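Asker: Below is the structure I would like to discuss, written out as structure tokens.
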Amino acid sequence: MLKGIVRDNIVSTRKQEALVGSKFLEVQLIENSQLTEKYLIAVDSVGAGIGETVLITTGSGARLALHNTSAPTDAVIVGIVD
Amino acid sequence: MLKGIVRDNIVSTRKQEALVGSKFLEVQLIENSQLTEKYLIAVDSVGAGIGETVLITTGSGARLALHNTSAPTDAVIVGIVD
Amino acid sequence: MLKGIVRDNIVSTRKQEALVGSKFLEVQLIENSQLTEKYLIAVDSVGAGIGETVLITTGSGARLALHNTSAPTDAVIVGIVD
Amino acid sequence: MLKGIVRDNIVSTRKQEALVGSKFLEVQLIENSQLTEKYLIAVDSVGAGIGETVLITTGSGARLALHNTSAPTDAVIVGIVD
Amino acid sequence: MLKGIVRDNIVSTRKQEALVGSKFLEVQLIENSQLTEKYLIAVDSVGAGIGETVLITTGSGARLALHNTSAPTDAVIVGIVD
């Protein structure tokens, strides 16, 4: 899993039906308590907001965190780091 | 998920039967609002065109965006960023 | 699979229901007996602690090591290196 | 998906039963029309030969291009670029 | 798939039950006939030994090479290069 800080909302009006209602957040990854230059976009599942430190699951495991497990995504925010 | 700008069409006449009719687009990835030197090729599912900023899902989740979920691909454009 | 040293506990109170009770550990990867600057976060399944050298499985295979194979994770510590 | 030029045949006599008869090709990846220093090995499914530019699908999607979808591979050449 | 040279045995006494009896080998990857500085750890399925050049399958495809396809691993040696 990956850790990072939520930096931005990504808005997409034209998208796959199964993603309607999903909140897309761009996350800057943190490794060893330091910010990296790596970013990815994840669907939120825990009410995360900009500036919060989050845990992201990627791949097929990401979809297990969603109500619709067949939503076409590959990264979901599954926790907020204390 | 990844964000990027569609740069090119990739044309392949000899290909897997299940990919006939798929539009292959080469996408230059964007991280933190900046263009990177990373590129990948994704199947379009939302009518994206060259120059548009798109969201890409990779891996098994990509196929969930296609009519034929057993098409042998690993990256699909699932949204167009506003 | 990846090898690394457990460096830190990651605490997340607000998280996916299926991850409650999971221990998240940040691991610094080792390649060719040398520490790298790569880190990832894995769920523990073997009682690993800080400072121990561990083996990590990523992707869908990771969940096969958990009691709840539908927990939304993508990396699990599956062994402790002697 | 990835694009690249087929550079070499990889011959393996001692291999998994389910891979007998597979043609393994080493491919040099191309991004943005330029050769990279990245290489991977893919099973051919479209009759590709050395020097041809091909499309590769990786991960679980790769196996969907094979007659034996349970062959233990993770990368298959699924098209030849015109 | 990846190509590499087996460099080391990794011994893990405390590990997941489903991995008991697995041989873990650290492999130095080769690209374009040159050694890289990339390493990974794979379960052997073909009787590979230190110094041999091997083919590795990663991800869910790796497990298809094992007797126990639900063993929690993500990389398996599936062939020995001639």
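Each chain in the structure tokens gets a letter, A, B and so on, in the order shown; residues start at 1 in every chain, and ligands are counted from 1 in the order they appear.
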Please, which residues of chain A lie no more than 10 Å from chain B when the count uses only C-alpha atoms, and can they be set out as a count of residues only?
Answerer: 38
Asker: As a PyMOL selection string, list the residues of chain C assigned to strand (DSSP E or B) by DSSP on the backbone atoms of this structure.
Answerer: chain C and resi 2-10+14-15+24-31+34-44+53-58+75-80
Asker: Those residues with N, CA and C atoms, as a compact mmCIF listing (two decimals), in the first residue's frame please?
Answerer:
```
# COMPACT_ATOMS: atom_id res chain seq x y z
N LEU C 2 9.26 -9.21 -2.49
CA LEU C 2 10.23 -8.18 -2.11
C LEU C 2 10.74 -8.48 -0.71
N LYS C 3 11.96 -8.02 -0.45
CA LYS C 3 12.57 -8.20 0.86
C LYS C 3 12.82 -6.83 1.45
N GLY C 4 12.66 -6.70 2.76
CA GLY C 4 12.92 -5.39 3.35
C GLY C 4 12.95 -5.45 4.86
N ILE C 5 13.26 -4.30 5.46
CA ILE C 5 13.30 -4.19 6.92
C ILE C 5 12.12 -3.34 7.38
N VAL C 6 11.43 -3.84 8.39
CA VAL C 6 10.29 -3.08 8.93
C VAL C 6 10.82 -1.85 9.66
N ARG C 7 10.31 -0.68 9.28
CA ARG C 7 10.81 0.58 9.86
C ARG C 7 9.81 1.29 10.75
N ASP C 8 8.51 1.11 10.50
CA ASP C 8 7.56 1.96 11.22
C ASP C 8 6.17 1.30 11.23
N ASN C 9 5.41 1.68 12.25
CA ASN C 9 3.98 1.37 12.29
C ASN C 9 3.21 2.53 11.69
N ILE C 10 2.20 2.25 10.92
CA ILE C 10 1.34 3.30 10.38
C ILE C 10 -0.02 3.14 11.06
N ARG C 14 -9.43 6.01 11.08
CA ARG C 14 -10.55 6.03 10.11
C ARG C 14 -10.12 5.22 8.91
N LYS C 15 -10.68 4.04 8.78
CA LYS C 15 -10.29 3.21 7.63
C LYS C 15 -11.43 2.28 7.25
N PHE C 24 -0.46 -2.21 9.97
CA PHE C 24 0.21 -1.67 8.77
C PHE C 24 1.66 -1.34 9.12
N LEU C 25 2.59 -1.89 8.37
CA LEU C 25 4.01 -1.65 8.64
C LEU C 25 4.68 -1.05 7.41
N GLU C 26 5.49 0.00 7.64
CA GLU C 26 6.26 0.57 6.54
C GLU C 26 7.58 -0.18 6.46
N VAL C 27 7.91 -0.62 5.26
CA VAL C 27 9.08 -1.47 5.06
C VAL C 27 10.04 -0.80 4.07
N GLN C 28 11.31 -0.76 4.43
CA GLN C 28 12.36 -0.25 3.53
C GLN C 28 12.91 -1.44 2.75
N LEU C 29 12.85 -1.37 1.45
CA LEU C 29 13.23 -2.53 0.65
C LEU C 29 14.74 -2.72 0.59
N ILE C 30 15.13 -4.00 0.47
CA ILE C 30 16.53 -4.41 0.35
C ILE C 30 16.67 -5.15 -0.98
N GLU C 31 17.67 -4.77 -1.77
CA GLU C 31 17.98 -5.53 -2.98
C GLU C 31 19.47 -5.84 -2.96
N GLN C 34 21.52 -4.85 0.01
CA GLN C 34 21.73 -3.43 0.31
C GLN C 34 20.39 -2.71 0.47
N LEU C 35 20.36 -1.80 1.41
CA LEU C 35 19.15 -0.99 1.59
C LEU C 35 18.94 -0.10 0.38
N THR C 36 17.69 0.02 -0.02
CA THR C 36 17.35 0.93 -1.11
C THR C 36 16.62 2.13 -0.50
N GLU C 37 16.26 3.07 -1.37
CA GLU C 37 15.44 4.19 -0.93
C GLU C 37 13.96 3.96 -1.25
N LYS C 38 13.59 2.69 -1.48
CA LYS C 38 12.19 2.38 -1.78
C LYS C 38 11.48 1.88 -0.52
N TYR C 39 10.28 2.34 -0.34
CA TYR C 39 9.47 1.96 0.82
C TYR C 39 8.08 1.57 0.36
N LEU C 40 7.46 0.65 1.11
CA LEU C 40 6.03 0.44 0.89
C LEU C 40 5.40 0.03 2.21
N ILE C 41 4.08 0.03 2.21
CA ILE C 41 3.34 -0.29 3.43
C ILE C 41 2.61 -1.61 3.21
N ALA C 42 2.82 -2.52 4.15
CA ALA C 42 2.24 -3.86 4.02
C ALA C 42 1.49 -4.24 5.29
N VAL C 43 0.47 -5.07 5.11
CA VAL C 43 -0.24 -5.64 6.24
C VAL C 43 0.57 -6.83 6.75
N ASP C 44 0.71 -6.94 8.05
CA ASP C 44 1.46 -8.06 8.63
C ASP C 44 0.59 -9.30 8.73
N THR C 53 13.72 -8.39 9.19
CA THR C 53 13.79 -8.50 7.73
C THR C 53 12.67 -9.43 7.28
N VAL C 54 11.90 -8.97 6.33
CA VAL C 54 10.68 -9.69 5.96
C VAL C 54 10.57 -9.88 4.45
N LEU C 55 9.68 -10.81 4.09
CA LEU C 55 9.31 -11.04 2.70
C LEU C 55 7.90 -10.50 2.48
N ILE C 56 7.71 -9.78 1.39
CA ILE C 56 6.41 -9.17 1.09
C ILE C 56 5.90 -9.71 -0.23
N THR C 57 4.63 -10.06 -0.25
CA THR C 57 3.95 -10.39 -1.50
C THR C 57 3.02 -9.23 -1.84
N THR C 58 3.04 -8.84 -3.11
CA THR C 58 2.19 -7.72 -3.54
C THR C 58 1.10 -8.22 -4.48
N ALA C 75 -0.52 -5.51 -0.38
CA ALA C 75 0.83 -5.91 0.07
C ALA C 75 0.73 -6.52 1.45
N VAL C 76 1.28 -7.71 1.61
CA VAL C 76 1.22 -8.42 2.89
C VAL C 76 2.60 -9.02 3.20
N ILE C 77 3.00 -8.90 4.45
CA ILE C 77 4.24 -9.55 4.90
C ILE C 77 3.91 -11.03 5.11
N VAL C 78 4.60 -11.91 4.35
CA VAL C 78 4.26 -13.33 4.38
C VAL C 78 5.34 -14.20 5.02
N GLY C 79 6.49 -13.60 5.34
CA GLY C 79 7.55 -14.38 5.98
C GLY C 79 8.57 -13.48 6.64
N ILE C 80 9.29 -14.06 7.60
CA ILE C 80 10.40 -13.35 8.24
C ILE C 80 11.68 -14.05 7.82
```
Asker: For the helix (DSSP H, G or I) assignment from backbone DSSP, which residues of chain B qualify? Please present them as a list in words.
Answerer: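 Here are the helix (DSSP H, G or I) residues of chain B: Glu17, Ala18, Leu19, Ser60, Gly61, Ala62 and Arg63 of chain B.
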Asker: Just the number, please: distance in Å from CA of Glu52 in chain A to CA of Lys23 in chain A, one decimal.
Answerer: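 Distance reported for this atom pair: 14.7 Å.
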